[in-house]
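Student: Here's a structure for you.
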Amino acid sequence: MKKLINAPEQVVKEALAGMADAHADLLTVHYDPDFIVRADAPIANKVGLVSGGGSGHEPMHGGFVGKGMLDAACPGAVFTSPVPDQMLAATKAVSAGKGVLHIVKNYTGDVMNFEMAAELAAAEGIEVASVVTNDDVAVKDSLYTAGRRGVGVTVLMEKIVGGAAEAGADLAAIKRLAEKVNAHGRSMGMALTSCVVPHAGKPTFDLPDDEMEIGIGIHGEPGRTRVKVGHAADIAAMLAAPILEDLPFKQGDHVLAFVNGMGGTPLIELYLMYNELHKILAGQGITISRRLIGSYITSLEMAGCSFTLLKLDDELTKFWDAPVLTPALRWGY
């Protein structure tokens with residue numbers, strides 16, 4: 001294992017210290033319990049937005065804390081859910097009297113711990129609503145979930161509801177919008193290599209040099225099938241077809257296309273994959289009105305990518321376009 005670390009047990013805290021110093025204008029890091037919060041939180045007359053999950057998926061979620069996106073994020077250990085104490089502390093830190101929305105990926109530990117934190121917050125008089133993302137079409141159940149996994153749509157949801165919250169929408173409206181994003185988005189990923197969790201010190205799974213995993217999860221969970229490595233055009237078709245069939249997407253739709261790197265994929269390959277996706281969608285009469293290309297929800301150094309398509313309407317487009325200023329996403333300011 002070759003990694004730029006000091007000790008596996010210190011990776012998360014030392015990375016948080018680096019974030020705190022690098023982005024002090026945007027966020028503050030609290031320790032024991034660990035959470036990242038907007039530097040100006042709590043913000044009067046604004047619904048608070050809190051998300052979180054295991055570390056190792058950076059920039060999700062801490063890189064999305066800032067204006068127009070999340071108010072707080074709770075980082076667990078690598079690939080391990082944060083605990084209710086973190087989520088409760090983050091919820092209290094961003095509560096300004098208009099309620100707090102928890103954005104939760106559909107992984108058993110995340111769902112259970114966020115539910116517990118919401119109950120504890122309610123006992124302290126804080127109104128909390130929750131939305132669970134489950135956009136991965138690859139498999140119904142996995143090592144970490146009952147039902148579909150929450151993946152790329154989580155990033156899009158955090159941005160879109162972040163825009164609405166910044167504009168002053170109330171908790172009920174923001175929850176409705178979050179549910180709409182989840183209902184209109186679908187994702188599928190693939191891997192060319194495994195990742196190495198620092199504590200384990202070895203690849204999470206074995207993948208021969210001439211094979212790839214289609215439908216992989218962001219923690220290395222098995223996908224739909226393992227096949228020989230093919231051309232990018234073939235891989236794009238294997239990812240796009242299940243997404244398009246599931247919603248289903250149809251001729252005349254306008255979409256946000258999110259081509260995401262899993263951590264070890266260079267940007268040149270992601271743009272190449274975007275080009276292939278664009279050709280597939282154009283061939284079906286589907287217009288890419290907005291796009292996001294880059295590594296935004298990763299799996300440490302795993303090589304691979306995922307596609308996420310979100311069917312757009314005027315409301316979703318408006319809040320996607322709204323200004324955002326975070327370590328990982330920035331436009332309009």
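Chain labels follow the order of the structure tokens: the first chain is A, the next B, and so on; residue numbering restarts at 1 in every chain, and ligands are counted from 1 in their shown order.
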Between region 14-90 of chain A and region 120-139 of chain A, at 12 Å or less, what are the per-residue closest atom pairs and their distances in Å? Count only C-alpha atoms, order by chain and rising residue number, and return it as a Markdown table.
Tutor:
```
| residue | atom | partner | partner_atom | distance |
| --- | --- | --- | --- | --- |
| A:Val47 | CA | A:Val128 | CA | 9.8 |
| A:Gly48 | CA | A:Val128 | CA | 9.3 |
| A:Leu49 | CA | A:Val128 | CA | 9.8 |
| A:Val50 | CA | A:Ser130 | CA | 9.5 |
| A:Ser51 | CA | A:Ser130 | CA | 9.8 |
| A:Gly52 | CA | A:Val132 | CA | 11.7 |
| A:Pro84 | CA | A:Leu120 | CA | 8.6 |
| A:Asp85 | CA | A:Leu120 | CA | 9.2 |
| A:Gln86 | CA | A:Leu120 | CA | 11.6 |
| A:Met87 | CA | A:Ala121 | CA | 9.2 |
| A:Leu88 | CA | A:Ala121 | CA | 6.2 |
| A:Ala89 | CA | A:Ala121 | CA | 9.0 |
| A:Ala90 | CA | A:Ala121 | CA | 10.2 |
```
Student: For the residues selected in the previous step, produce a file with N, CA, C and O atoms as a CSV table (one decimal), in the first residue's frame.
Tutor:
```
chain,number,residue,atom,x,y,z
A,47,VAL,N,-33.5,27.5,6.4
A,47,VAL,CA,-33.5,26.1,6.7
A,47,VAL,C,-32.1,25.5,6.7
A,47,VAL,O,-31.3,25.8,5.7
A,48,GLY,N,-31.7,24.8,7.7
A,48,GLY,CA,-30.4,24.2,7.7
A,48,GLY,C,-30.3,22.9,6.9
A,48,GLY,O,-31.3,22.1,6.9
A,49,LEU,N,-29.2,22.6,6.2
A,49,LEU,CA,-29.1,21.4,5.4
A,49,LEU,C,-27.9,20.6,5.9
A,49,LEU,O,-26.8,21.2,6.0
A,50,VAL,N,-28.1,19.4,6.3
A,50,VAL,CA,-27.1,18.5,6.9
A,50,VAL,C,-27.0,17.2,6.2
A,50,VAL,O,-28.0,16.6,5.9
A,51,SER,N,-25.8,16.8,5.8
A,51,SER,CA,-25.6,15.5,5.2
A,51,SER,C,-24.4,14.9,5.8
A,51,SER,O,-23.8,15.4,6.8
A,52,GLY,N,-24.0,13.7,5.3
A,52,GLY,CA,-22.8,13.1,5.9
A,52,GLY,C,-22.7,11.6,5.5
A,52,GLY,O,-23.6,11.1,4.8
A,84,PRO,N,-24.7,9.1,15.7
A,84,PRO,CA,-25.7,10.1,15.9
A,84,PRO,C,-25.2,11.4,16.7
A,84,PRO,O,-25.8,12.5,16.5
A,85,ASP,N,-24.2,11.2,17.5
A,85,ASP,CA,-23.7,12.4,18.3
A,85,ASP,C,-23.2,13.5,17.3
A,85,ASP,O,-23.4,14.7,17.5
A,86,GLN,N,-22.5,13.0,16.2
A,86,GLN,CA,-22.1,14.0,15.2
A,86,GLN,C,-23.2,14.7,14.5
A,86,GLN,O,-23.2,15.9,14.3
A,87,MET,N,-24.2,13.9,14.1
A,87,MET,CA,-25.3,14.4,13.4
A,87,MET,C,-26.2,15.4,14.2
A,87,MET,O,-26.7,16.4,13.8
A,88,LEU,N,-26.3,15.0,15.5
A,88,LEU,CA,-27.1,15.9,16.4
A,88,LEU,C,-26.3,17.2,16.6
A,88,LEU,O,-26.9,18.3,16.5
A,89,ALA,N,-25.0,17.1,16.8
A,89,ALA,CA,-24.2,18.4,17.0
A,89,ALA,C,-24.3,19.2,15.8
A,89,ALA,O,-24.4,20.5,15.9
A,90,ALA,N,-24.2,18.6,14.6
A,90,ALA,CA,-24.3,19.4,13.4
A,90,ALA,C,-25.7,20.0,13.2
A,90,ALA,O,-25.8,21.2,12.8
```
Student: Quick one: everything within 12 Å of region 243-246 of chain A, counting only C-alpha atoms, minus sequence neighbours fewer than 2 positions away in the same chain. Send it as a ChimeraX atom specification.
Tutor: /A:135-139,183-189,215,236-241,248-251,253,255,257,277,280-281,284-286,306-311
Student: Applying 6 Å and only C-alpha atoms, which residues near region 320-322 of chain A remain after dropping the ones on its own chain fewer than 2 positions away? List them as a ChimeraX atom specification.
Tutor: /A:160,163,317-318
Student: For the selection just defined, write its residues with N, CA and C atoms to a file, as a PDB file, in the first residue's frame.
Tutor:
```pdb
ATOM      1  N   ILE A 160     -29.116  21.477  -5.502  1.00  0.00           N
ATOM      2  CA  ILE A 160     -30.421  22.037  -5.874  1.00  0.00           C
ATOM      3  C   ILE A 160     -31.200  22.498  -4.640  1.00  0.00           C
ATOM      4  N   GLY A 163     -29.693  25.621  -3.195  1.00  0.00           N
ATOM      5  CA  GLY A 163     -30.124  26.854  -3.841  1.00  0.00           C
ATOM      6  C   GLY A 163     -31.469  27.324  -3.329  1.00  0.00           C
ATOM      7  N   THR A 317     -33.842  23.303 -12.823  1.00  0.00           N
ATOM      8  CA  THR A 317     -32.806  24.056 -13.541  1.00  0.00           C
ATOM      9  C   THR A 317     -32.496  25.367 -12.827  1.00  0.00           C
ATOM     10  N   LYS A 318     -33.525  26.035 -12.355  1.00  0.00           N
ATOM     11  CA  LYS A 318     -33.340  27.314 -11.648  1.00  0.00           C
ATOM     12  C   LYS A 318     -32.423  27.156 -10.436  1.00  0.00           C
TER      13      LYS A 318
END
```
Student: In terms of the shortest atom-to-atom distance over only C-alpha atoms, which of A:Val161, A:Ala117, A:Met112, A:Ala172 is closest to Lys98 (chain A)?
Tutor: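 Checking each candidate against Lys98 (chain A), we get A:Ala172 as the closest.
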Student: List the neighbours of Tyr271 (chain A) out to 12 Å using only C-alpha atoms; skip same-chain residues closer than 2 positions along the sequence, and give me the result as a VMD selection string.
Tutor: chain A and resid 232 236 257 to 261 265 to 269 273 to 278 291 to 295 305 307
Student: What does the file look like for those residues with C-alpha atoms, as a PDB file, in the first residue's frame?
Tutor:
```pdb
ATOM      1  CA  ALA A 232     -15.171   3.422 -23.826  1.00  0.00           C
ATOM      2  CA  ALA A 236     -20.823   4.022 -21.827  1.00  0.00           C
ATOM      3  CA  ALA A 257     -25.678  14.750 -17.190  1.00  0.00           C
ATOM      4  CA  PHE A 258     -23.197  14.036 -14.385  1.00  0.00           C
ATOM      5  CA  VAL A 259     -20.098  12.050 -15.375  1.00  0.00           C
ATOM      6  CA  ASN A 260     -18.285  11.280 -12.145  1.00  0.00           C
ATOM      7  CA  GLY A 261     -14.809   9.909 -11.529  1.00  0.00           C
ATOM      8  CA  THR A 265      -9.701   8.298 -13.240  1.00  0.00           C
ATOM      9  CA  PRO A 266      -8.042  11.207 -15.083  1.00  0.00           C
ATOM     10  CA  LEU A 267     -10.195  14.019 -16.389  1.00  0.00           C
ATOM     11  CA  ILE A 268      -9.257  13.275 -20.005  1.00  0.00           C
ATOM     12  CA  GLU A 269     -11.050   9.928 -19.686  1.00  0.00           C
ATOM     13  CA  MET A 273     -16.902   9.229 -21.461  1.00  0.00           C
ATOM     14  CA  TYR A 274     -19.053  12.368 -21.481  1.00  0.00           C
ATOM     15  CA  ASN A 275     -18.627  12.511 -25.255  1.00  0.00           C
ATOM     16  CA  GLU A 276     -19.849   8.928 -25.554  1.00  0.00           C
ATOM     17  CA  LEU A 277     -22.824   9.637 -23.271  1.00  0.00           C
ATOM     18  CA  HIS A 278     -23.683  12.739 -25.294  1.00  0.00           C
ATOM     19  CA  ARG A 291     -23.654  18.973 -17.152  1.00  0.00           C
ATOM     20  CA  LEU A 292     -21.106  18.219 -14.422  1.00  0.00           C
ATOM     21  CA  ILE A 293     -17.866  16.363 -15.196  1.00  0.00           C
ATOM     22  CA  GLY A 294     -15.284  15.520 -12.557  1.00  0.00           C
ATOM     23  CA  SER A 295     -14.589  13.487  -9.422  1.00  0.00           C
ATOM     24  CA  CYS A 305     -16.672   6.273 -13.378  1.00  0.00           C
ATOM     25  CA  PHE A 307     -23.178   8.257 -14.944  1.00  0.00           C
TER      26      PHE A 307
END
```
Student: Just checking: using only C-alpha atoms, which residue out of A:Gly62, A:Leu207, A:Cys195, A:Ile216 ends up closest to Val229 (chain A)?
Tutor: A:Leu207
Student: Nearest to Ala282 (chain A) among A:Gly201, A:Gly97, A:Gly264, A:Gly252, with distances taken over only C-alpha atoms: which residue is it?
Tutor: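 Among A:Gly201, A:Gly97, A:Gly264, A:Gly252, it is A:Gly252 that comes nearest to Ala282 (chain A).
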